[in-house]
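J.: Have a look at this one before I ask anything.
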2 protein chains.
Amino acid sequence: MSRPTIAGVARAAGVSVASVSRVLNGLPATEEMVERVQRAVEELGYVPDARARSLKVGRTFQLTLAVADVGNPVYVTMMRAVEEVVSAAGYRLVVTTTGPDVVDEVALVRGMARGYADGLVISPLRVDEDLIKSIRECEVPVVVAGNVPPKAGVDTVRANSPKGILLAVEHLTAKGRQEIAFVNGPADTVPGTARAKGFAEAMKEFKLRSAGEIEAADFTFAAGREAGKKLFKKSRPGAVICANDLLAVGVMHELAAYGLSVPQDVAVVGMDDSELAEQSFPPLTSVNLGSAERGRRAAELLLARIDDPARSPRRIVVQPSLSVRRSTP
Amino acid sequence: MSRPTIAGVARAAGVSVASVSRVLNGLPATEEMVERVQRAVEELGYVPDARARSLKVGRTFQLTLAVADVGNPVYVTMMRAVEEVVSAAGYRLVVTTTGPDVVDEVALVRGMARGYADGLVISPLRVDEDLIKSIRECEVPVVVAGNVPPKAGVDTVRANSPKGILLAVEHLTAKGRQEIAFVNGPADTVPGTARAKGFAEAMKEFKLRSAGEIEAADFTFAAGREAGKKLFKKSRPGAVICANDLLAVGVMHELAAYGLSVPQDVAVVGMDDSELAEQSFPPLTSVNLGSAERGRRAAELLLARIDDPARSPRRIVVQPSLSVRRSTP
DNA sequence: GTCGCCGTTGTAAACGATTACAAGAACGAT
DNA sequence: ATCGTTCTTGTAATCGTTTACAACGGCGAC
């Protein structure tokens, strides 16, 4: 016995399929009609088929959020924010992971044309011409949580990480730490380049000389440890700014291995202000790049564009703040 | 200009829709036919509509993984494992979050009848009759990563947490810690009850008296801190076992607030052996409940059941091990 | 040359919903 | 009594695929 269809319900209720559909969608009908249909639905345990429905109406009432690395705690903050906005608007949110490769991301964006969802929020790590092209040509609205050039013609909401790094440097110098090193993620990623540039600018602004720069292989804990190892092999900075919280925690572990204490010997600042920042020990001073707000705004942009596909693309920048915790003096 | 359909491709190629479909699905056709169709597809940028396809063939080639709390790092381990197995088998994995409430879970399971995916892996926190019923009656195969009674008639893969706690207690006593306290998650959850029972059994086995038991409000970091506060207000155990890693990290923070050091003053053991365990400081000794293996096996069970819906339900138990790190002596 | 067979292609009917359109009922106004 | 209006309901087309079935052409065997 297979699932009942609308035709089965119609037969059971002794009415037409059109009437069943109308009742189900809350269109006007007599009390008796509503009654009969609902009884039949109840009796048969009928549940409408979303595939058939979306084929006909051209919408799925699902939205997709694509993240590069589920292990990065910054995404949980974002995911929560997106979920909240999206479900309040009556959409289901589904999360998929792309690999770290840009080709995976391109495949995902192209794949949206298959009609999996009505829209996409994507936070790409690496961006190239192919990806921009696929986003521009995407069949469904796309919002990029991150930085892509305006020519992509797409809604974006991004962080201001140079400004964030400036806040970190300002805080560290105010506390008397002048010898600041920087542990970045891969330079071929979008946040990687932005943060490298931000660090250089900030150091210039404060007339400081960098106490060492390391490019980690990844935005991960393990890569952070590696980077820390390399860094402390050649220098003893008074502070380290890290391009995200996972890297920062990795670096702190490495510091401990060297017998250095945080923040007395070395101050450490992370970025993202994710849940990990408060969970780490000592709790991590971290640049809040507004992940929650970025998630929220991205979701709102997506909904707005679904409502009006013709509106001109918005580019929102969310301002950072600094969450001071105990990893800095 | 809307997306091209198979009819458009057929027209452009000067062949019938059936032929296009056949070429697209790799069914036998002449070289010339394949050639013409592929050119037309290329030219128009045709992408088949997954909704229409799945409506017709009755399969979506998507699988759903439902998790209760994306903030819990144990799920990232699991997600990675599931993703790997599932994508190797040619399925797309989509992740959705249920709330902590059982009604959300029931709604999700019922909702699967709408045809969102070909199968579901769910890891429910709380289980009641409604949920069991909905799982038993679910239109698509369901695998439960967790513990539901056999009468649910469903494939399950669960951890052996009592055994895991036994390992923890054994380890602690071997290191000379006899005064062991336990910080559990909510008792009305499935893991909560299992772990409470496991702790009691383990203490009995080792002829020890509990040095305090606290039920945290949630399986979260914040709840762990609260629980730690309560615990240390009334007792000074030599060791604390926590029902998951987030709770353990919360407890360690509270210990630090009391000026107690880990592991010298108090040893701490977590459960799940998630990525957080190695990221925490000191790195957390944690009971490995086999999340990765559970994820992998759950995915395999799901694929097997999709292949053969009639096979009798399997109930797999994954054995725990202990990952000793520096939070215990 | 005719027949049968096989391989390739096309026609049309599904899948399960929504919805434009038409038909019928009810009712008041003339 | 007739007509027009409005409200409710049913019939059938449609969304974009897949696929059963039929048609056709080519080819070898007799």
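Simple scheme: letters A, B, ... for chains in structure tokens order, numbers from 1 for residues in each chain, numbers from 1 for ligands in the order shown.
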Report the closest atom pair, with its distance in Å rounded to one decimal, for each residue of chain B that has an atom no farther than 6 Å from chain A; count only C-alpha atoms, sort by chain and then rising residue number, and write it as JSON lines.
T.:
```
{"residue": "B:Pro48", "atom": "CA", "partner": "A:Arg114", "partner_atom": "CA", "distance": 5.8}
{"residue": "B:Asp49", "atom": "CA", "partner": "A:Arg114", "partner_atom": "CA", "distance": 4.4}
{"residue": "B:Ala50", "atom": "CA", "partner": "A:Arg114", "partner_atom": "CA", "distance": 5.0}
{"residue": "B:Arg51", "atom": "CA", "partner": "A:Arg51", "partner_atom": "CA", "distance": 5.4}
{"residue": "B:Leu55", "atom": "CA", "partner": "A:Arg51", "partner_atom": "CA", "distance": 5.9}
{"residue": "B:Gly71", "atom": "CA", "partner": "A:Val76", "partner_atom": "CA", "distance": 5.9}
{"residue": "B:Val76", "atom": "CA", "partner": "A:Gly71", "partner_atom": "CA", "distance": 5.9}
{"residue": "B:Val94", "atom": "CA", "partner": "A:Thr96", "partner_atom": "CA", "distance": 5.3}
{"residue": "B:Val95", "atom": "CA", "partner": "A:Val95", "partner_atom": "CA", "distance": 4.9}
{"residue": "B:Thr96", "atom": "CA", "partner": "A:Val94", "partner_atom": "CA", "distance": 5.3}
{"residue": "B:Arg114", "atom": "CA", "partner": "A:Asp49", "partner_atom": "CA", "distance": 4.4}
{"residue": "B:Gly115", "atom": "CA", "partner": "A:Asp49", "partner_atom": "CA", "distance": 6.0}
{"residue": "B:Ser280", "atom": "CA", "partner": "A:Ser280", "partner_atom": "CA", "distance": 5.9}
{"residue": "B:Phe281", "atom": "CA", "partner": "A:Phe281", "partner_atom": "CA", "distance": 5.6}
```
J.: Name the residues of range 163-243 of chain B that fall into strand (DSSP E) according to DSSP on the backbone, using the chain letters and numbers of this document, as a ChimeraX atom specification.
T.: /B:180-184,213-215,239-242
J.: Store the residues picked out above, limited to N, CA, C and O atoms, as a PDB file, in the first residue's frame.
T.:
```pdb
ATOM      1  N   ILE B 180      34.733  10.344  42.606  1.00  0.00           N
ATOM      2  CA  ILE B 180      34.334  10.717  41.258  1.00  0.00           C
ATOM      3  C   ILE B 180      32.923  11.288  41.225  1.00  0.00           C
ATOM      4  O   ILE B 180      31.985  10.684  41.758  1.00  0.00           O
ATOM      5  N   ALA B 181      32.807  12.453  40.628  1.00  0.00           N
ATOM      6  CA  ALA B 181      31.484  13.057  40.464  1.00  0.00           C
ATOM      7  C   ALA B 181      31.057  12.934  39.003  1.00  0.00           C
ATOM      8  O   ALA B 181      31.873  12.622  38.133  1.00  0.00           O
ATOM      9  N   PHE B 182      29.777  13.169  38.794  1.00  0.00           N
ATOM     10  CA  PHE B 182      29.250  12.995  37.438  1.00  0.00           C
ATOM     11  C   PHE B 182      28.365  14.175  37.066  1.00  0.00           C
ATOM     12  O   PHE B 182      27.460  14.542  37.809  1.00  0.00           O
ATOM     13  N   VAL B 183      28.683  14.776  35.944  1.00  0.00           N
ATOM     14  CA  VAL B 183      27.828  15.842  35.420  1.00  0.00           C
ATOM     15  C   VAL B 183      27.100  15.304  34.192  1.00  0.00           C
ATOM     16  O   VAL B 183      27.719  15.037  33.160  1.00  0.00           O
ATOM     17  N   ASN B 184      25.826  15.133  34.358  1.00  0.00           N
ATOM     18  CA  ASN B 184      25.026  14.557  33.271  1.00  0.00           C
ATOM     19  C   ASN B 184      24.309  15.654  32.497  1.00  0.00           C
ATOM     20  O   ASN B 184      24.221  16.791  32.939  1.00  0.00           O
ATOM     21  N   GLU B 213      26.386  14.206  41.965  1.00  0.00           N
ATOM     22  CA  GLU B 213      25.838  14.112  40.613  1.00  0.00           C
ATOM     23  C   GLU B 213      25.009  15.337  40.305  1.00  0.00           C
ATOM     24  O   GLU B 213      24.205  15.767  41.119  1.00  0.00           O
ATOM     25  N   ILE B 214      25.234  15.900  39.164  1.00  0.00           N
ATOM     26  CA  ILE B 214      24.503  17.098  38.771  1.00  0.00           C
ATOM     27  C   ILE B 214      23.863  16.850  37.424  1.00  0.00           C
ATOM     28  O   ILE B 214      24.475  16.252  36.539  1.00  0.00           O
ATOM     29  N   GLU B 215      22.640  17.314  37.300  1.00  0.00           N
ATOM     30  CA  GLU B 215      21.986  17.219  35.995  1.00  0.00           C
ATOM     31  C   GLU B 215      22.002  18.597  35.346  1.00  0.00           C
ATOM     32  O   GLU B 215      21.357  19.526  35.826  1.00  0.00           O
ATOM     33  N   ALA B 239      37.732  13.896  40.797  1.00  0.00           N
ATOM     34  CA  ALA B 239      37.548  13.731  39.355  1.00  0.00           C
ATOM     35  C   ALA B 239      36.092  13.978  38.993  1.00  0.00           C
ATOM     36  O   ALA B 239      35.192  13.758  39.805  1.00  0.00           O
ATOM     37  N   VAL B 240      35.887  14.456  37.783  1.00  0.00           N
ATOM     38  CA  VAL B 240      34.527  14.657  37.281  1.00  0.00           C
ATOM     39  C   VAL B 240      34.400  14.008  35.906  1.00  0.00           C
ATOM     40  O   VAL B 240      35.234  14.254  35.031  1.00  0.00           O
ATOM     41  N   ILE B 241      33.414  13.185  35.771  1.00  0.00           N
ATOM     42  CA  ILE B 241      33.093  12.648  34.448  1.00  0.00           C
ATOM     43  C   ILE B 241      31.910  13.443  33.917  1.00  0.00           C
ATOM     44  O   ILE B 241      30.945  13.677  34.651  1.00  0.00           O
ATOM     45  N   CYS B 242      31.976  13.850  32.662  1.00  0.00           N
ATOM     46  CA  CYS B 242      30.899  14.665  32.103  1.00  0.00           C
ATOM     47  C   CYS B 242      30.273  13.954  30.909  1.00  0.00           C
ATOM     48  O   CYS B 242      30.968  13.276  30.146  1.00  0.00           O
TER      49      CYS B 242
END
```
J.: I'd like a table as JSON lines: residues in chain D with an atom no more than 9 Å from range 10-23 of chain C, each row giving the shortest atom pair and its distance in Å to one decimal, only C-alpha atoms (C1' of nucleotides) counted, sorted by chain and rising residue number.
T.:
```
{"residue": "D:DT9", "atom": "C1'", "partner": "C:DA23", "partner_atom": "C1'", "distance": 8.7}
{"residue": "D:DG10", "atom": "C1'", "partner": "C:DA23", "partner_atom": "C1'", "distance": 8.0}
{"residue": "D:DT11", "atom": "C1'", "partner": "C:DA22", "partner_atom": "C1'", "distance": 8.3}
{"residue": "D:DA13", "atom": "C1'", "partner": "C:DA20", "partner_atom": "C1'", "distance": 8.6}
{"residue": "D:DT14", "atom": "C1'", "partner": "C:DT18", "partner_atom": "C1'", "distance": 8.6}
{"residue": "D:DT17", "atom": "C1'", "partner": "C:DC15", "partner_atom": "C1'", "distance": 8.9}
{"residue": "D:DT18", "atom": "C1'", "partner": "C:DA14", "partner_atom": "C1'", "distance": 8.7}
{"residue": "D:DT19", "atom": "C1'", "partner": "C:DA14", "partner_atom": "C1'", "distance": 8.7}
{"residue": "D:DA20", "atom": "C1'", "partner": "C:DA13", "partner_atom": "C1'", "distance": 8.5}
{"residue": "D:DC21", "atom": "C1'", "partner": "C:DT11", "partner_atom": "C1'", "distance": 9.0}
{"residue": "D:DA22", "atom": "C1'", "partner": "C:DT11", "partner_atom": "C1'", "distance": 8.1}
{"residue": "D:DA23", "atom": "C1'", "partner": "C:DG10", "partner_atom": "C1'", "distance": 7.9}
```
J.: Would you mind listing what lies within 6 Å of Glu179 in chain A as a PyMOL selection string, with only C-alpha atoms (C1' of nucleotides) counted and same-chain residues fewer than 6 positions away left out?
T.: chain A and resi 211+237-238
J.: For the residues in the current selection, export N, CA and C atoms as a PDB file, in the first residue's frame.
T.:
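After the write, selection_28.pdb holds the following:
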```
ATOM      1  N   ALA A 211      56.070  41.367  13.668  1.00  0.00           N
ATOM      2  CA  ALA A 211      56.977  40.471  14.385  1.00  0.00           C
ATOM      3  C   ALA A 211      56.890  39.059  13.821  1.00  0.00           C
ATOM      4  N   PRO A 237      57.205  36.894  19.612  1.00  0.00           N
ATOM      5  CA  PRO A 237      56.388  38.105  19.625  1.00  0.00           C
ATOM      6  C   PRO A 237      55.686  38.268  20.971  1.00  0.00           C
ATOM      7  N   GLY A 238      55.273  39.479  21.247  1.00  0.00           N
ATOM      8  CA  GLY A 238      54.529  39.712  22.465  1.00  0.00           C
ATOM      9  C   GLY A 238      53.044  39.469  22.278  1.00  0.00           C
TER      10      GLY A 238
END
```
J.: Might you pull out every residue within 12 Å of range 145-150 of chain A, with only C-alpha atoms (C1' of nucleotides) counted and same-chain residues fewer than 3 positions away left off, and present them as a PyMOL selection string?
T.: chain A and resi 65-68+75+78-79+82+120-129+131-133+135-136+142+153-161+189-194+289-302+312-318
J.: Between B:Val23, B:Val57, B:Pro4, B:Lys230, which is the closest to chain D once you count only C-alpha atoms (C1' of nucleotides)?
T.: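 Smallest distance to chain D is found for B:Val57.
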J.: Given the choices B:Leu322, B:Ile6, B:Val106, B:Val144, which gets closest to chain D if the distance is worked out from only C-alpha atoms (C1' of nucleotides)?
T.: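 Using only C-alpha atoms (C1' of nucleotides), chain D sits closest to B:Ile6.
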J.: What does the structure give for the distance between CA of Lys229 in chain B and CA of Gln264 in chain B, in Å to one decimal?
T.: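 Separation of CA of Lys229 in chain B and CA of Gln264 in chain B: 18.9 Å.
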J.: What is the CA of Ala304 in chain A to CA of Pro100 in chain A distance in Å?
T.: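 Atom-to-atom, CA of Ala304 in chain A to CA of Pro100 in chain A, that is 28.8 Å.
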J.: Please list as a PyMOL selection string every residue within 12 Å of DG26 in chain D, counting only C-alpha atoms (C1' of nucleotides) and excluding residues in the same chain fewer than 6 positions away.
T.: chain C and resi 5-8
J.: Could you check the closest approach to chain C for each of B:Asn25, B:Ser261, B:Ser16, B:Gln178 and tell me which residue wins, using only C-alpha atoms (C1' of nucleotides)?
T.: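 Under the stated criterion, the closest residue is B:Ser16.
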J.: Return the single residue from D:DC15, D:DC24, D:DA1, D:DA29 that is closest to chain A, with distances computed using only C-alpha atoms (C1' of nucleotides).
T.: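 Smallest separation from chain A among the options: D:DC15.
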J.: Name all residues at most 12 Å from range 24-29 of chain C (count only C-alpha atoms (C1' of nucleotides); drop same-chain ones fewer than 4 positions away) and give them as a ChimeraX atom specification.
T.: /D:2-10
J.: Kindly give the distance, in Å, that separates CA of Ile306 in chain B and CA of Glu105 in chain A, rounded to a single decimal.
T.: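 Value for the CA of Ile306 in chain B-CA of Glu105 in chain A distance: 28.3 Å.
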